[in-house]
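**Q** Supplied in C-alpha cells, the structure appears directly below.
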Amino acid sequence: MAAKGFVKGIVSNLVTVEVDGAVSQNEICYITVGGVKLMAEVIKVIGKDAFVQVFESTRGMRVGDEVEFQGHMLEVTLGPGMLSKNYDGLQNDLDKMEGVFLKRGEYTYPLDENKKWNFKPLAKAGDKVVAGDWLGEVDENFQPHKIMVPFVFSGEYVIKSVAEPGEYTIHDTMAVLVTADGQEVKVSMVQKWPVKKAITCYSEKPRPYKLLETGVRTIDTVNPIVEGGTGFIPGPFGTGKTVLQHAISKQAEADIVIIAACGERANEVVEIFTEFPELVDPHTGRKLMERTIIIANTSNMPVAAREASVYTAMTIAEYYRSMGLKVLLMADSTSRWAQALREMSNRLEELPGPDAFPMDLSAIIANFYARAGFVHLKNGATGSVTFIGTVSPAGGNLKEPVTENTKKVARCFYALEQERADRKRYPAVNPIESYSKYLEYPEFQEYIAEHISPDWIEKVNEIKTRMLRGKEIAEQINILGDDGVPVDYHVIFWKSELIDFVILQQDAFDPVDSVTSLPRQEFMLNKVIDICRAEFAFDNFLSVMDYFKRVINVFKQMNYSEFESEQFRKFNEELDELLRERIVK
Amino acid sequence: MATKAFQKIYTKITQITKATCSLKASGVGYDELASVDGKLAQVVKIVGDEVTLQVFSGTEGIRTNAEVVFMGKAPSLKVGDQLAGRFFNAYGEPIDGGPVPEGKEVEIGGPSVNPVRREQPSELIATGIAGIDLNNTLVTGQKIPFFADPDQPFNQVMAMVALRAQSDKIVLGGMGMTNDDYLFFKNAFSNAGALDRIVSFINTTEDPSVERILIPDMALCAAEYFAVEKHEKVLVLLTDMTNYADALAIVSNRMDQIPSKDSMPGSLYSDLAKIYEKAVQFPDGGSITIIAVTTLSGGDITHAVPDNTGYITEGQLYLRRDSDVGKVIVDPFRSLSRLKQLVTGKKTREDHPQVMNAAVRLYADAANAKTKLENGFDLTDYDNRTLAFAKDYSSKLLAIDVNLDTTEMLDVAWSLFGKYFKPAEVNIKQALVDKYWKN
C-alpha cells in the first residue's frame with residue numbers, strides 16, 4: 001500500500017511533505033490543490049519529511065494539502081502509436097489537451113487506446129523467453145514495431161500462448177507467459193518503464209563503427225558521427241544551433257528521430273509541427289513526421305519537467321532500439337536541463353559546485369550520454385541510439401561547466417563559432433576546434449575503407465591540416481599585408497578557402513545543397529583534394545584571388561545543381577577547363 | 001486595497017528583513033497576496049505555520065504588530081475593454097486619475113499556451129524603418145529586444161515602431177522608467193491620437209524597485225485578454241528588461257539564494273522565458289508581439305541578462321551611431337530577426353532576400369576597406385566605391401529617421417547598386433538583375 005502524507009512547507013516548486021509510511025527516492029506522488037492533482041517527484045528524504053519537486057506551478061497550495069504516493073518512479077508508457085506524437089516532458093499527449101492554454105494538473109494518455117493494430121506473431125507457444133524478447137510485431141507508420149516481453153520481467157518464461165494474427169488494441173492480451181514456478185502472466189502491447197533507468201535488454205554494447213549519414217558535409221566528411229555515437233553542439237546564440245539540429249533531424253538516415261525540445265523557444269517547435277508533416281524523408285520518401293516523435297518542454301513550461309523531458313526522450317529511444325531500429329535522439333538544449341537541476345539544487349540548499357551548478361552535474365551528464373550506443377540484441381539483431389545534444393554556453397564561453405562536462409563524454413564535438421556566423425559561413429562549425437573521435441577508431445576506419453575508400457580518412461585529415469595551415473597564413477597576411485608574404489602563401493590560403501566554401505559551407509535552405517549524399521560527398525572531396533594537391537603558376541597575389549574566386553564560384557553552382565544532372569556536368573566541365581588554365585602539374 | 005468583512009487579521013510578525021517579513025498563519029496558499037499595514041505583499045515561502053511574505057514596496061516602517069490580511073488570491077488584474085487608453089501602476093491601479101476599470105478578474109502570470117495550439121507566425125509588421133523592415137523584418141507573434149546602451153534613443157525608436165505598426169492595441173510595460181521617459185511616451189501616444197488603443201503599466205524610478213517584477217505579467221495579462229478574447233493584434237513594449245532582472249536579483253539575494261553568473265538568480269533564464277514566450281500567433285488571428293529593451297553596460301552582450309535574453313528571443317536589434325553620416329542607424333551586422341525568412345520574398349517583393357544580403361555584403365566590404373585605410377594600406381577602385389556606397393546606404397536606408405514602404409526600400413537599394421557597382425559585383429541572381437537593375 002503506497003504511503004500518504006500532507007504538505008508541510010512550500011518554496012516555489014519545492015514542497016516538503018510529511019509522510020505516514022515508506023517512500024522511495026524519485027517516487028511519484030500527487031498533491032491535491034483545490035481539487036486538482038499535481039504530479040511531483042521525491043528528490044530528498046529526511047526522517048518523516050519527503051522533499052518533492054512539483055512538475056507544475058504551486059500557486060495556491062496550502063499547508064495540509066493531501067499527498068498520495070504512487071509506489072513507483074516517473075514512468076513512460078511504451079507501446080505502438082508513439083510515432084508522430086507531440087508529447088510534453090512527462091509524455092502527455094499535447095494534442096489531446098483541450099483549450100488554448102495548458103491546464104495545471106491535466107494529464108493525458110500518451111497512446112491511442114481504441115486504435116486497432118495488425119499483429120503478426122514472431123514467437124510461438126513453448127518458446128523460452130526473457131525480458132526484451134520479441135513476441136510479435138505490428139506495423140507502426142511502416143516501421144515494424146515489436147511487441148516485447150516487458151523489460152521489468154526478470155528470469156526466464158515459457159510462452160503458453162501467443163495471439164493469432166489479426167487486429168488488436170493495445171490493451172488486448174497478446175501473449176500469456178508462464179514463470180518458472182508455474183504462474184501465468186498476461187502481456188499486452190503496452191508496458192511501463194521508469195525513465196531514470198536505462199533499458200539494458202541487449203547482449204552487448206560494442207564500440208560503434210557504422211557511419212550515420214546526415215547529409216551535412218561538415219559532419220559526414222569532416223567529423224563523422226556513427227550509429228550509436230554521441231555528439232554535442234555548443235554555440236552562442238545566433239550561430240545556427242537550431243538550424244543545424246533541424247537539418248540533421250530532417251536528413252539523418254535513421255529509422256526513428258526523437259526531438260527533445262528542452263527549454264527552448266516554442267516557435268521552433270511550431271516550425272517542426274508545421275513543416276515535418278509536409279517534408280519528405282530523403283531516404284524513404286515518406287513524410288518526415290511519420291518517423292518523428294517530439295517531446296516539447298518549451299522554456300515557458302514547468303522547469304521541473306525539463307529534466308524529465310530528456311529522460312522521457314531517452315527512454316523512448318531505448319525502447320525503439322530494443323526493436324532493432326536505428327534511433328536518432330536530438331536534445332536542444334542540455335544547458336536548460338542543467339539549469340533546471342541548478343534551480344532545484346539551490347532550493348534544496350545544497351553546497352554549490354562551479355557556477356552554482358550541482359556538484360554531481362558531471363556524473364549526471366556522463367550517465368545520460370552513456371545510455372546512447374550501438375547494441376547487439378539477444379536475438380542477433382542490432383539497434384542503436386545516436387545522441388546529439390546542443391549546449392548553450394553562457395556568454396558564448398566554452399569554459400563553463402555544462403560544456404566542459406559534456407566534452408568529457410561526447411565523442412563528437414561540433415563547435416559553433418560566432419566569428420564564422422558573423423561572416424555568414426554556415427554551418428558555423430569551426431573546422432579546427434571540432435573533432436570526431438570516431439575517426440581514430442580502427443573499427444570505423446575499417447568500415448570506411450570498405451564502404452567508401454581506403455584512403456578516405458587520410459584525405460579527411462589532410463583537409464583538417466590544410467584548414468589549420470590556411471588559418472595561420474591568414475593571420476600572417478593580416479599582420480604583414482598582402483605583399484608581405486610570398487605568392488605561394490596566398491595559394492595555400494586560397495586552397496583552404498576552397499575547402500571552406502565548397503565542403504564546409506552548405507546552404508541549409510536550398511533544396512539541393514542542404515542534403516548531400518555520400519557518393520556526392522566523395523566526389524566533391526576527391527575533386528577538392530586533387531586541386532589542393534596540384535601546383536599552380538601565379539605571378540602575383542591578385543591573380544591568385546581572382547582565379548580561386550572563379551573556381552569557388554563554379555563549385556558553388558555545382559553544389560546548387562542536382563548530382564550528375566546535365567547542369568552539374570556542364571559546371572564540372574567548366575571547372576576542368578578552368579583548372580587546365582593554371583595547373584602546372 | 002480594501003479588506004473584506006470577516007477576514008482574519010494577524011498582528012504578530014516574527015521576523016522582518018529588508019524585503020520580507022514572516023508571521024505565524026494557517027490556511028495560506030502559495031503565491032497568495034496579503035496586505036501588511038496596507039502594503040501589498042506576496043507569499044514566497046511556507047514552512048509549517050510560518051509564512052514568509054515579500055513586501056513589494058519594501059519593509060520600511062513595518063511594525064512587529066502590523067495588521068496582516070491574506071486576500072486568498074494571487075496578484076490579478078481586472079481585464080476588459082475599459083483598460084484601453086489607461087495608465088496603471090505595477091498593481092494594476094489607475095495612476096491617471098480615472099476610475100478603476102470594471103472587468104473579469106484574472107490572475108497574472110497565468111498558464112502557457114499549448115505549443116500545438118500555436119500558429120507559425122507569418123504576418124509582416126511594417127515599421128517604415130529600413131534597418132528593420134529591409135534587413136531584420138519583424139513578424140507578428142515574434143519577440144525581439146533592442147540591445148542598446150543607456151544613452152541610445154531606444155525609447156524613441158520603440159515609440160515610433162509602435163505607432164507605425166498596424167496593431168490593434170499597444171501595451172506598454174515600463175520598468176524603472178524615468179519620469180521624463182514616461183511623459184515622453186504619454187505625449188508621443190497622445191500627439192499621435194493613439195491613446196485609445198494603448199494600455200500602460202508604469203513603474204518609474206520613483207517607485208519601489210521590487211514592484212517592477214509585476215509589470216511584465218500585468219502587461220501580458222492585459223495583452224492576452226485582447227489577443228485571446230478579442231482576436232486582436234497586440235504589440236507589447238517592455239522597457240527596460242535589465243531593470244526587471246536587477247529587481248529579480250535583489251529579491252533572490254534577500255531570499256538567501258545562491259547567485260549564479262553576474263549575481264543574477266539561477267532561474268533568470270526561466271524567469272525571462274516565461275515573459276517572452278507569451279509572444280504568440282493564434283490561429284484565429286489574435287497575436288502578441290513583444291518588443292523589449294535590454295540595456296547593456298558598455299555594449300557587453302556576454303552579461304547574464306543580454307546573454308540569456310539572446311537565447312530566448314527571436315533575434316535582437318542593435319542601434320549604433322554612424323559617425324560617417326552623423327545618424328543613428330540599425331546595425332546591419334549584429335542585428336538579427338530569426339523570423340524574417342517567414343515573410344521576406346513571400347509577403348514582400350521576390351528580390352527582397354537577395355537585395356538585403358547583397359547590400360549587407362557590400363557594406364561589409366566597405367568595413368574591410370575602412371580597416372585597410374586605417375592600417376595605411378592602399379585602396380583599390382572597388383574599395384573606394386564600396387566606401388561611397390556605404391555612406392549612401394547608411395543615410396538613405398539604415399538611419400532610423402527613414403520612413404519608406406518595403407518596395408521603396410528595395411528600389412532605393414537597386415538605385416544605389418546601379419550608382420556604384422557593375423551587376424557582376426553585387427552577386428544577385430541574373431533573373432532579378434535583368435528585371436530590377438537601375439542605371
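Each chain of the C-alpha cells is named A, B, ... in the order shown, its residues numbered from 1; ligands are numbered from 1 in display order.
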Show me, as a PyMOL selection string, the residues that have an atom within 8 Å of range 33-39 of chain B when counting only C-alpha atoms, minus same-chain residues fewer than 3 positions from it.

**A** chain B and resi 1+42-43+53+55-57+62+66-75

**Q** With a distance threshold of 8 Å and counting only C-alpha atoms, extract the residues of chain A near chain B and express them as a ChimeraX atom specification.

**A** /A:8-12,58-63,86,94-95,100-104,237-238,264-267,269-271,273-274,296,299-301,303,339-340,342-343,346-347,352,355-356,392,394-396,422,481

**Q** Applying 9 Å and only C-alpha atoms, which residues near Val460 in chain A remain after dropping the ones on its own chain fewer than 2 positions away? List them as a VMD selection string.

**A** chain A and resid 221 to 223 455 to 458 462 to 465 525

**Q** Export, as an mmCIF file, in the first residue's frame, the selected residues with N, CA and C atoms.

**A**
data_model
loop_
_atom_site.group_PDB
_atom_site.id
_atom_site.type_symbol
_atom_site.label_atom_id
_atom_site.label_comp_id
_atom_site.auth_asym_id
_atom_site.auth_seq_id
_atom_site.Cartn_x
_atom_site.Cartn_y
_atom_site.Cartn_z
ATOM 1 N N THR A 221 31.666 14.278 -43.839
ATOM 2 C CA THR A 221 33.005 14.209 -44.417
ATOM 3 C C THR A 221 34.066 14.508 -43.373
ATOM 4 N N VAL A 222 33.880 15.607 -42.651
ATOM 5 C CA VAL A 222 34.979 16.116 -41.837
ATOM 6 C C VAL A 222 35.006 15.493 -40.435
ATOM 7 N N ASN A 223 33.878 15.512 -39.749
ATOM 8 C CA ASN A 223 33.822 14.945 -38.398
ATOM 9 C C ASN A 223 32.605 14.032 -38.259
ATOM 10 N N ASP A 455 41.581 5.289 -48.792
ATOM 11 C CA ASP A 455 42.368 6.479 -48.460
ATOM 12 C C ASP A 455 41.504 7.639 -47.952
ATOM 13 N N TRP A 456 40.239 7.339 -47.635
ATOM 14 C CA TRP A 456 39.294 8.385 -47.235
ATOM 15 C C TRP A 456 39.757 9.133 -45.976
ATOM 16 N N ILE A 457 40.094 8.377 -44.936
ATOM 17 C CA ILE A 457 40.451 9.005 -43.656
ATOM 18 C C ILE A 457 41.683 9.905 -43.835
ATOM 19 N N GLU A 458 42.614 9.416 -44.661
ATOM 20 C CA GLU A 458 43.822 10.198 -44.936
ATOM 21 C C GLU A 458 43.445 11.546 -45.559
ATOM 22 N N GLU A 462 43.873 15.356 -44.192
ATOM 23 C CA GLU A 462 44.575 16.361 -44.992
ATOM 24 C C GLU A 462 43.771 17.672 -45.017
ATOM 25 N N ILE A 463 42.459 17.535 -45.157
ATOM 26 C CA ILE A 463 41.575 18.698 -45.172
ATOM 27 C C ILE A 463 41.767 19.509 -43.889
ATOM 28 N N LYS A 464 41.803 18.788 -42.766
ATOM 29 C CA LYS A 464 41.920 19.474 -41.476
ATOM 30 C C LYS A 464 43.261 20.197 -41.371
ATOM 31 N N THR A 465 44.320 19.519 -41.816
ATOM 32 C CA THR A 465 45.635 20.152 -41.761
ATOM 33 C C THR A 465 45.662 21.399 -42.628
ATOM 34 N N LEU A 525 34.869 15.709 -52.417
ATOM 35 C CA LEU A 525 36.111 15.695 -51.642
ATOM 36 C C LEU A 525 37.296 15.354 -52.558
#

**Q** As number ranges by chain, please: every residue in range 138-227 of chain A that a backbone DSSP assignment puts in strand (DSSP E).

**A** A: 138-140, 143-148, 157-162, 166-168, 175-178, 184-187, 191-194

**Q** Please provide as a list in words all residues within 10 Å of Phe421 in chain B, with the sequence filter that same-chain residues fewer than 5 positions apart are discarded (counting only C-alpha atoms).

**A**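 Once the nearby chain positions are removed, what remains is Leu362, Tyr382, Arg385, Thr386, Phe389, Ser415, Leu416, Val426 and Asn439 of chain B.
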
**Q** Using CA of Ala2 in chain A and CA of Val76 in chain A as the two end points, give the distance in Å to one decimal.

**A** 19.4 Å

**Q** If DSSP is run on the backbone, what residues of range 21-267 of chain A are alpha helix (DSSP H)? A reply as a PyMOL selection string would be ideal.

**A** chain A and resi 217+241-251+266-267

**Q** Compile the contact shell of range 346-354 of chain B as JSON, numbers by chain: residues with an atom at most 9 Å away, counting only C-alpha atoms, same-chain residues fewer than 4 positions apart removed.

**A** {"B": [122, 123, 124, 134, 135, 341, 342, 358, 359, 406, 407, 410, 427, 428, 429, 432, 436]}
